[in-house]
$ cat entry32.pdb   # PDB, C-alpha atoms
ATOM      1  CA  MET V 633      -5.856 -27.341   2.078  1.00  0.00           C
ATOM      2  CA  LYS V 634      -7.887 -27.885  -1.120  1.00  0.00           C
ATOM      3  CA  LYS V 635     -11.081 -27.051   0.775  1.00  0.00           C
ATOM      4  CA  LEU V 636      -9.524 -23.791   1.980  1.00  0.00           C
ATOM      5  CA  ILE V 637      -8.497 -22.869  -1.575  1.00  0.00           C
ATOM      6  CA  VAL V 638     -12.030 -23.519  -2.811  1.00  0.00           C
ATOM      7  CA  ILE V 639     -13.500 -21.358  -0.039  1.00  0.00           C
ATOM      8  CA  LEU V 640     -11.089 -18.500  -0.793  1.00  0.00           C
ATOM      9  CA  ALA V 641     -11.900 -18.744  -4.484  1.00  0.00           C
ATOM     10  CA  LEU V 642     -15.619 -18.524  -3.728  1.00  0.00           C
ATOM     11  CA  VAL V 643     -15.121 -15.521  -1.469  1.00  0.00           C
ATOM     12  CA  LEU V 644     -13.046 -13.692  -4.082  1.00  0.00           C
ATOM     13  CA  SER V 645     -15.423 -14.518  -6.911  1.00  0.00           C
ATOM     14  CA  SER V 646     -18.433 -13.420  -4.857  1.00  0.00           C
ATOM     15  CA  GLY V 647     -16.702 -10.115  -4.108  1.00  0.00           C
ATOM     16  CA  LEU V 648     -16.030  -9.555  -7.812  1.00  0.00           C
ATOM     17  CA  LEU V 649     -19.609 -10.531  -8.653  1.00  0.00           C
ATOM     18  CA  PHE V 650     -20.932  -8.000  -6.143  1.00  0.00           C
ATOM     19  CA  ALA V 651     -18.886  -5.229  -7.721  1.00  0.00           C
ATOM     20  CA  GLN V 652     -20.161  -6.207 -11.180  1.00  0.00           C
ATOM     21  CA  ARG V 653     -23.806  -6.484 -10.067  1.00  0.00           C
ATOM     22  CA  GLY V 654     -24.373  -2.786 -10.008  1.00  0.00           C
ATOM     23  CA  THR V 655     -24.271   0.253 -12.233  1.00  0.00           C
ATOM     24  CA  VAL V 656     -21.937   3.228 -12.369  1.00  0.00           C
ATOM     25  CA  ASP V 657     -23.510   6.443 -13.620  1.00  0.00           C
ATOM     26  CA  THR V 658     -22.566  10.114 -13.721  1.00  0.00           C
ATOM     27  CA  ASP V 659     -24.764  12.642 -11.932  1.00  0.00           C
ATOM     28  CA  ILE V 660     -25.530  16.176 -13.127  1.00  0.00           C
ATOM     29  CA  PHE V 661     -22.392  17.457 -11.398  1.00  0.00           C
ATOM     30  CA  GLY V 662     -20.124  14.977 -13.201  1.00  0.00           C
ATOM     31  CA  ASN V 663     -19.574  12.781 -10.151  1.00  0.00           C
ATOM     32  CA  LEU V 664     -19.610   8.988 -10.362  1.00  0.00           C
ATOM     33  CA  GLN V 665     -22.370   7.082  -8.576  1.00  0.00           C
ATOM     34  CA  PHE V 666     -22.597   3.339  -7.936  1.00  0.00           C
ATOM     35  CA  LYS V 667     -25.849   1.546  -7.150  1.00  0.00           C
ATOM     36  CA  SER V 668     -26.208  -2.183  -6.512  1.00  0.00           C
ATOM     37  CA  VAL V 669     -28.833  -4.119  -8.444  1.00  0.00           C
ATOM     38  CA  ASP V 670     -31.020  -4.549  -5.366  1.00  0.00           C
ATOM     39  CA  GLY V 671     -30.646  -0.878  -4.446  1.00  0.00           C
ATOM     40  CA  GLN V 672     -29.413  -1.699  -0.945  1.00  0.00           C
ATOM     41  CA  TYR V 673     -25.908  -0.322  -1.417  1.00  0.00           C
ATOM     42  CA  LYS V 674     -24.865   3.004  -2.909  1.00  0.00           C
ATOM     43  CA  ALA V 675     -21.498   4.712  -3.259  1.00  0.00           C
ATOM     44  CA  SER V 676     -20.016   7.749  -4.953  1.00  0.00           C
ATOM     45  CA  LEU V 677     -16.682   9.156  -6.034  1.00  0.00           C
ATOM     46  CA  GLU V 678     -16.894  12.925  -6.042  1.00  0.00           C
ATOM     47  CA  LYS V 679     -14.496  15.761  -6.785  1.00  0.00           C
ATOM     48  CA  ASN V 680     -14.508  18.583  -4.199  1.00  0.00           C
ATOM     49  CA  ILE V 681     -13.593  22.248  -4.656  1.00  0.00           C
ATOM     50  CA  PHE V 682      -9.903  21.422  -4.107  1.00  0.00           C
ATOM     51  CA  ASP V 683      -9.914  18.778  -6.892  1.00  0.00           C
ATOM     52  CA  ASP V 684      -9.587  15.994  -4.317  1.00  0.00           C
ATOM     53  CA  LEU V 685     -11.502  12.754  -4.888  1.00  0.00           C
ATOM     54  CA  VAL V 686     -13.743  11.579  -2.047  1.00  0.00           C
ATOM     55  CA  PHE V 687     -15.323   8.114  -1.850  1.00  0.00           C
ATOM     56  CA  THR V 688     -18.413   7.725   0.328  1.00  0.00           C
ATOM     57  CA  ASP V 689     -21.055   5.033   0.579  1.00  0.00           C
ATOM     58  CA  SER V 690     -24.339   4.165   2.256  1.00  0.00           C
ATOM     59  CA  ARG V 691     -22.480   2.406   5.079  1.00  0.00           C
ATOM     60  CA  LYS V 692     -20.874   5.649   6.225  1.00  0.00           C
ATOM     61  CA  ASN V 693     -17.411   4.804   4.878  1.00  0.00           C
ATOM     62  CA  LYS V 694     -15.346   7.733   3.633  1.00  0.00           C
ATOM     63  CA  LEU V 695     -11.961   7.741   1.888  1.00  0.00           C
ATOM     64  CA  HIS V 696     -10.436  11.115   1.055  1.00  0.00           C
ATOM     65  CA  TYR V 697      -7.729  11.259  -1.635  1.00  0.00           C
ATOM     66  CA  GLU V 698      -6.097  14.682  -1.835  1.00  0.00           C
ATOM     67  CA  LYS V 699      -5.146  16.129  -5.233  1.00  0.00           C
ATOM     68  CA  LYS V 700      -1.401  16.127  -4.567  1.00  0.00           C
ATOM     69  CA  TYR V 701      -1.494  12.481  -3.501  1.00  0.00           C
ATOM     70  CA  LEU V 702      -3.432  11.448  -6.609  1.00  0.00           C
ATOM     71  CA  ASP V 703      -1.111  13.331  -8.942  1.00  0.00           C
ATOM     72  CA  LYS V 704       1.886  11.544  -7.446  1.00  0.00           C
ATOM     73  CA  MET V 705       0.476   8.052  -7.027  1.00  0.00           C
ATOM     74  CA  GLU V 706      -2.052   7.943  -9.898  1.00  0.00           C
ATOM     75  CA  PRO V 707      -0.931  10.520 -12.501  1.00  0.00           C
ATOM     76  CA  GLY V 708      -3.667  11.278 -15.001  1.00  0.00           C
ATOM     77  CA  LEU V 709      -6.422   9.723 -12.884  1.00  0.00           C
ATOM     78  CA  ARG V 710      -8.245  12.963 -12.115  1.00  0.00           C
ATOM     79  CA  GLY V 711      -8.797  13.599 -15.827  1.00  0.00           C
ATOM     80  CA  ASP V 712      -9.764  10.045 -16.762  1.00  0.00           C
ATOM     81  CA  LYS V 713     -13.387   9.092 -16.048  1.00  0.00           C
ATOM     82  CA  GLU V 714     -12.880   5.470 -17.040  1.00  0.00           C
ATOM     83  CA  ALA V 715      -9.986   5.122 -14.602  1.00  0.00           C
ATOM     84  CA  GLN V 716     -12.101   6.783 -11.912  1.00  0.00           C
ATOM     85  CA  ALA V 717     -14.947   4.337 -12.613  1.00  0.00           C
ATOM     86  CA  ARG V 718     -12.530   1.437 -12.136  1.00  0.00           C
ATOM     87  CA  MET V 719     -11.338   3.058  -8.919  1.00  0.00           C
ATOM     88  CA  LEU V 720     -14.924   3.397  -7.697  1.00  0.00           C
ATOM     89  CA  ARG V 721     -15.666  -0.279  -8.379  1.00  0.00           C
ATOM     90  CA  ARG V 722     -12.463  -1.286  -6.609  1.00  0.00           C
ATOM     91  CA  LEU V 723     -13.330   0.818  -3.562  1.00  0.00           C
ATOM     92  CA  VAL V 724     -16.829  -0.645  -3.524  1.00  0.00           C
ATOM     93  CA  ARG V 725     -15.332  -4.134  -3.570  1.00  0.00           C
ATOM     94  CA  GLU V 726     -12.903  -3.282  -0.755  1.00  0.00           C
ATOM     95  CA  ASN V 727     -15.322  -1.417   1.515  1.00  0.00           C
ATOM     96  CA  LYS V 728     -18.789  -2.851   0.919  1.00  0.00           C
ATOM     97  CA  ARG V 729     -18.606  -5.012   4.050  1.00  0.00           C
ATOM     98  CA  SER V 730     -17.184  -2.271   6.267  1.00  0.00           C
ATOM     99  CA  SER V 731     -19.008   0.492   8.076  1.00  0.00           C
ATOM    100  CA  GLU V 732     -17.935   3.916   9.377  1.00  0.00           C
ATOM    101  CA  TYR V 733     -14.386   3.441   8.079  1.00  0.00           C
ATOM    102  CA  LYS V 734     -12.561   6.742   7.487  1.00  0.00           C
ATOM    103  CA  ALA V 735      -9.177   7.235   5.827  1.00  0.00           C
ATOM    104  CA  THR V 736      -7.164  10.077   4.310  1.00  0.00           C
ATOM    105  CA  PHE V 737      -4.434   9.928   1.682  1.00  0.00           C
ATOM    106  CA  LYS V 738      -2.290  13.026   1.384  1.00  0.00           C
ATOM    107  CA  ILE V 739       1.147  14.571   0.863  1.00  0.00           C
ATOM    108  CA  ASP V 740       2.140  17.332   3.264  1.00  0.00           C
ATOM    109  CA  ILE V 741       4.164  20.499   2.625  1.00  0.00           C
ATOM    110  CA  PHE V 742       7.400  18.568   3.246  1.00  0.00           C
ATOM    111  CA  ASP V 743       6.493  16.088   0.454  1.00  0.00           C
ATOM    112  CA  LYS V 744       5.794  13.351   2.989  1.00  0.00           C
ATOM    113  CA  THR V 745       3.155  10.808   1.986  1.00  0.00           C
ATOM    114  CA  ILE V 746       0.698  10.187   4.825  1.00  0.00           C
ATOM    115  CA  ILE V 747      -2.047   7.557   4.965  1.00  0.00           C
ATOM    116  CA  GLU V 748      -4.145   7.493   8.127  1.00  0.00           C
ATOM    117  CA  ASP V 749      -7.425   5.921   9.185  1.00  0.00           C
ATOM    118  CA  ASN V 750      -9.776   5.896  12.178  1.00  0.00           C
ATOM    119  CA  LYS V 751      -8.720   2.373  13.197  1.00  0.00           C
ATOM    120  CA  GLY V 752      -5.313   3.378  14.522  1.00  0.00           C
ATOM    121  CA  TYR V 753      -3.358   2.834  11.304  1.00  0.00           C
ATOM    122  CA  LYS V 754      -0.860   5.428  10.063  1.00  0.00           C
ATOM    123  CA  LEU V 755       1.828   5.316   7.394  1.00  0.00           C
ATOM    124  CA  GLU V 756       4.385   8.038   6.703  1.00  0.00           C
ATOM    125  CA  GLU V 757       6.732   7.799   3.734  1.00  0.00           C
ATOM    126  CA  SER V 758       9.436  10.361   3.049  1.00  0.00           C
ATOM    127  CA  LYS V 759      12.911  10.712   1.586  1.00  0.00           C
ATOM    128  CA  ASP V 760      16.065  11.744   3.420  1.00  0.00           C
ATOM    129  CA  ILE V 761      18.574  14.327   2.157  1.00  0.00           C
ATOM    130  CA  PHE V 762      20.175  11.642  -0.040  1.00  0.00           C
ATOM    131  CA  GLY V 763      16.878  10.692  -1.684  1.00  0.00           C
ATOM    132  CA  ASN V 764      16.479   7.415   0.208  1.00  0.00           C
ATOM    133  CA  THR V 765      12.996   6.235   1.171  1.00  0.00           C
ATOM    134  CA  ASN V 766      12.068   6.069   4.851  1.00  0.00           C
ATOM    135  CA  ILE V 767       8.780   4.498   5.933  1.00  0.00           C
ATOM    136  CA  GLN V 768       7.154   4.545   9.363  1.00  0.00           C
ATOM    137  CA  GLU V 769       4.032   2.483   9.919  1.00  0.00           C
ATOM    138  CA  GLN V 770       1.838   2.138  12.977  1.00  0.00           C
ATOM    139  CA  SER V 771      -0.949  -0.407  13.360  1.00  0.00           C
ATOM    140  CA  SER V 772      -2.708  -1.909  16.381  1.00  0.00           C
ATOM    141  CA  GLY V 773      -0.206  -0.265  18.716  1.00  0.00           C
ATOM    142  CA  ARG V 774       2.802  -1.673  16.841  1.00  0.00           C
ATOM    143  CA  LYS V 775       5.293   0.573  15.096  1.00  0.00           C
ATOM    144  CA  SER V 776       7.606  -0.412  12.274  1.00  0.00           C
ATOM    145  CA  VAL V 777      10.360   1.540  10.514  1.00  0.00           C
ATOM    146  CA  PHE V 778      11.936   0.911   7.110  1.00  0.00           C
ATOM    147  CA  LYS V 779      15.001   2.977   6.213  1.00  0.00           C
ATOM    148  CA  ARG V 780      18.379   3.073   4.518  1.00  0.00           C
ATOM    149  CA  ASN V 781      21.311   3.596   6.877  1.00  0.00           C
ATOM    150  CA  PHE V 782      24.386   5.773   6.392  1.00  0.00           C
ATOM    151  CA  LYS V 783      26.339   2.775   5.024  1.00  0.00           C
ATOM    152  CA  GLY V 784      23.856   2.294   2.210  1.00  0.00           C
ATOM    153  CA  GLY V 785      22.230  -0.799   3.711  1.00  0.00           C
ATOM    154  CA  LEU V 786      18.563  -1.314   4.504  1.00  0.00           C
ATOM    155  CA  GLU V 787      17.068  -1.720   7.971  1.00  0.00           C
ATOM    156  CA  TYR V 788      13.646  -2.758   9.212  1.00  0.00           C
ATOM    157  CA  THR V 789      12.428  -2.743  12.800  1.00  0.00           C
ATOM    158  CA  GLU V 790       9.117  -3.742  14.328  1.00  0.00           C
ATOM    159  CA  GLY V 791       9.070  -3.367  18.081  1.00  0.00           C
ATOM    160  CA  GLU V 792      12.065  -5.336  19.336  1.00  0.00           C
ATOM    161  CA  LYS V 793      12.434  -7.325  16.095  1.00  0.00           C
ATOM    162  CA  THR V 794      14.986  -6.224  13.501  1.00  0.00           C
ATOM    163  CA  ALA V 795      16.231  -7.145  10.047  1.00  0.00           C
ATOM    164  CA  SER V 796      18.899  -5.741   7.747  1.00  0.00           C
ATOM    165  CA  LEU V 797      20.277  -6.100   4.253  1.00  0.00           C
ATOM    166  CA  GLY V 798      23.710  -4.660   3.497  1.00  0.00           C
ATOM    167  CA  LYS V 799      27.313  -5.355   2.636  1.00  0.00           C
ATOM    168  CA  ASP V 800      29.604  -7.201   5.028  1.00  0.00           C
ATOM    169  CA  ILE V 801      33.335  -6.525   5.511  1.00  0.00           C
ATOM    170  CA  PHE V 802      34.076  -8.636   2.408  1.00  0.00           C
ATOM    171  CA  ASP V 803      31.793  -6.468   0.231  1.00  0.00           C
ATOM    172  CA  ARG V 804      29.193  -9.248  -0.041  1.00  0.00           C
ATOM    173  CA  TRP V 805      25.501  -8.608   0.528  1.00  0.00           C
ATOM    174  CA  LEU V 806      24.077 -10.156   3.658  1.00  0.00           C
ATOM    175  CA  TYR V 807      20.543 -10.469   5.030  1.00  0.00           C
ATOM    176  CA  LYS V 808      20.085 -11.144   8.722  1.00  0.00           C
ATOM    177  CA  ASP V 809      17.351 -10.740  11.292  1.00  0.00           C
ATOM    178  CA  SER V 810      16.644 -11.148  14.989  1.00  0.00           C
ATOM    179  CA  PHE V 811      15.115 -14.590  14.369  1.00  0.00           C
ATOM    180  CA  GLY V 812      18.559 -15.978  13.595  1.00  0.00           C
ATOM    181  CA  ASN V 813      18.184 -16.048   9.827  1.00  0.00           C
ATOM    182  CA  GLU V 814      21.336 -15.122   7.926  1.00  0.00           C
ATOM    183  CA  ILE V 815      21.690 -15.328   4.135  1.00  0.00           C
ATOM    184  CA  GLN V 816      24.817 -14.341   2.236  1.00  0.00           C
ATOM    185  CA  PHE V 817      24.818 -13.513  -1.478  1.00  0.00           C
ATOM    186  CA  SER V 818      27.822 -13.844  -3.753  1.00  0.00           C
ATOM    187  CA  LYS V 819      28.497 -11.075  -6.262  1.00  0.00           C
ATOM    188  CA  GLU V 820      27.153 -13.204  -9.105  1.00  0.00           C
ATOM    189  CA  THR V 821      23.996 -14.090  -7.155  1.00  0.00           C
ATOM    190  CA  TRP V 822      23.482 -10.455  -6.192  1.00  0.00           C
ATOM    191  CA  LYS V 823      23.752  -9.465  -9.838  1.00  0.00           C
ATOM    192  CA  ARG V 824      20.943 -11.893 -10.695  1.00  0.00           C
ATOM    193  CA  VAL V 825      18.892 -10.576  -7.756  1.00  0.00           C
ATOM    194  CA  LEU V 826      19.026  -7.029  -9.129  1.00  0.00           C
ATOM    195  CA  GLU V 827      18.194  -8.250 -12.617  1.00  0.00           C
ATOM    196  CA  GLN V 828      15.080  -9.941 -11.259  1.00  0.00           C
ATOM    197  CA  TYR V 829      13.900  -7.375  -8.684  1.00  0.00           C
ATOM    198  CA  GLY V 830      15.275  -4.141 -10.094  1.00  0.00           C
ATOM    199  CA  THR V 831      16.180  -2.655  -6.706  1.00  0.00           C
ATOM    200  CA  ASP V 832      17.528  -3.870  -3.372  1.00  0.00           C
ATOM    201  CA  GLU V 833      14.455  -2.370  -1.665  1.00  0.00           C
ATOM    202  CA  LYS V 834      12.044  -4.641  -3.549  1.00  0.00           C
ATOM    203  CA  PHE V 835      14.233  -7.635  -2.771  1.00  0.00           C
ATOM    204  CA  PHE V 836      14.410  -6.678   0.912  1.00  0.00           C
ATOM    205  CA  TRP V 837      10.610  -6.527   1.136  1.00  0.00           C
ATOM    206  CA  ASP V 838      10.448 -10.004  -0.398  1.00  0.00           C
ATOM    207  CA  LEU V 839      12.942 -11.307   2.164  1.00  0.00           C
ATOM    208  CA  LEU V 840      10.895  -9.766   4.959  1.00  0.00           C
ATOM    209  CA  ASP V 841       7.750 -11.477   3.668  1.00  0.00           C
ATOM    210  CA  ARG V 842       9.578 -14.802   3.560  1.00  0.00           C
ATOM    211  CA  TRP V 843      11.549 -14.746   6.821  1.00  0.00           C
ATOM    212  CA  PHE V 844      10.375 -11.932   9.074  1.00  0.00           C
ATOM    213  CA  TYR V 845       6.598 -12.385   9.264  1.00  0.00           C
TER     214      TYR V 845
END
$ encode --input "entry32.pdb" --output "structure tokens"
Amino acid sequence: MKKLIVILALVLSSGLLFAQRGTVDTDIFGNLQFKSVDGQYKASLEKNIFDDLVFTDSRKNKLHYEKKYLDKMEPGLRGDKEAQARMLRRLVRENKRSSEYKATFKIDIFDKTIIEDNKGYKLEESKDIFGNTNIQEQSSGRKSVFKRNFKGGLEYTEGEKTASLGKDIFDRWLYKDSFGNEIQFSKETWKRVLEQYGTDEKFFWDLLDRWFY
């Protein structure tokens, strides 16, 4: 286990070192350009005529962030060159070992957030008429759905597997899933849960990470 931790630490530190061993400059058009010290890797973050930001690199990766998506997810980013430079370095770190990866990040006319790539991944996030978040995700042929039901509880499905978090007939919150896990929370415990997590959605995601996957 210790050997694995050391290896992971080396991998992470080498990735950070790679991102630092290069320069970020601005070209004559105001776009950000990254160039590694050895000159073997180049990347750019450019603004198109629609005010979208597009990341491309010398390994034929391309990530397209539409204006509406950026304004919702990263307000102020489009007018902040320092924040864009940090974004460029992050994208370099995340994509420098990939090739021909394409992805788009957008919000459609129905205010639905859509993230899609050329590897079969797609995420759609929207809100229902009551303002509740619904998420559909598809990856490697598997589809998952996260939603709030009409009773106010939360549901998650992935193929035939299911999980839920909601109130039982005694008004107590209950988590259960198709693996046989069942956890009941008293009113006092639930109060502490909300104080720690802020929302039941965040807590549900934590439960899924612990018991579902």
$ resolve_selection --input "entry32.pdb" --expression "the PyMOL selection byres ((chain V and resi 729) around 12)" --output "list in words"
Gly647, Phe650, Ala651, Tyr673, Asp689, Ser690, Arg691, Lys692, Asn693, Leu723, Val724, Arg725, Glu726, Asn727, Lys728, Ser730, Ser731, Glu732 and Tyr733 of chain V
$ resolve_selection --input "entry32.pdb" --expression "the PyMOL selection byres ((chain V and resi 755-760) around 10)" --output "ChimeraX atom specification"
/V:737-739,742-749,753-754,761-771,775-780
$ write_last_selection --input "entry32.pdb" --atoms "C-alpha atoms" --output "tab-separated table (two decimals), in the frame of the given file"
chain	number	residue	atom	x	y	z
V	737	PHE	CA	-4.43	9.93	1.68
V	738	LYS	CA	-2.29	13.03	1.38
V	739	ILE	CA	1.15	14.57	0.86
V	742	PHE	CA	7.40	18.57	3.25
V	743	ASP	CA	6.49	16.09	0.45
V	744	LYS	CA	5.79	13.35	2.99
V	745	THR	CA	3.16	10.81	1.99
V	746	ILE	CA	0.70	10.19	4.82
V	747	ILE	CA	-2.05	7.56	4.96
V	748	GLU	CA	-4.14	7.49	8.13
V	749	ASP	CA	-7.42	5.92	9.18
V	753	TYR	CA	-3.36	2.83	11.30
V	754	LYS	CA	-0.86	5.43	10.06
V	761	ILE	CA	18.57	14.33	2.16
V	762	PHE	CA	20.18	11.64	-0.04
V	763	GLY	CA	16.88	10.69	-1.68
V	764	ASN	CA	16.48	7.42	0.21
V	765	THR	CA	13.00	6.24	1.17
V	766	ASN	CA	12.07	6.07	4.85
V	767	ILE	CA	8.78	4.50	5.93
V	768	GLN	CA	7.15	4.54	9.36
V	769	GLU	CA	4.03	2.48	9.92
V	770	GLN	CA	1.84	2.14	12.98
V	771	SER	CA	-0.95	-0.41	13.36
V	775	LYS	CA	5.29	0.57	15.10
V	776	SER	CA	7.61	-0.41	12.27
V	777	VAL	CA	10.36	1.54	10.51
V	778	PHE	CA	11.94	0.91	7.11
V	779	LYS	CA	15.00	2.98	6.21
V	780	ARG	CA	18.38	3.07	4.52
$ closest_residue --input "entry32.pdb" --among "V:Leu806, V:Leu664, V:Val686, V:Leu840" --to "Asp712 (chain V)" --atoms "only C-alpha atoms"
V:Leu664
$ resolve_selection --input "entry32.pdb" --expression "the PyMOL selection byres ((chain V and resi 711) around 12)" --output "NGL selection string"
:V and (662 or 679 or 683-685 or 699 or 702-703 or 706-710 or 712-717)
$ residues_around --input "entry32.pdb" --residues "region 781-796 of chain V" --least-positions-apart "5" --cutoff "9 Å" --atoms "only C-alpha atoms" --output "list of chain:residue names"
V:Arg774, V:Lys775, V:Ser776, V:Leu806, V:Tyr807, V:Lys808, V:Asp809, V:Ser810, V:Phe811, V:Asp832, V:Glu833, V:Phe836, V:Leu840, V:Phe844
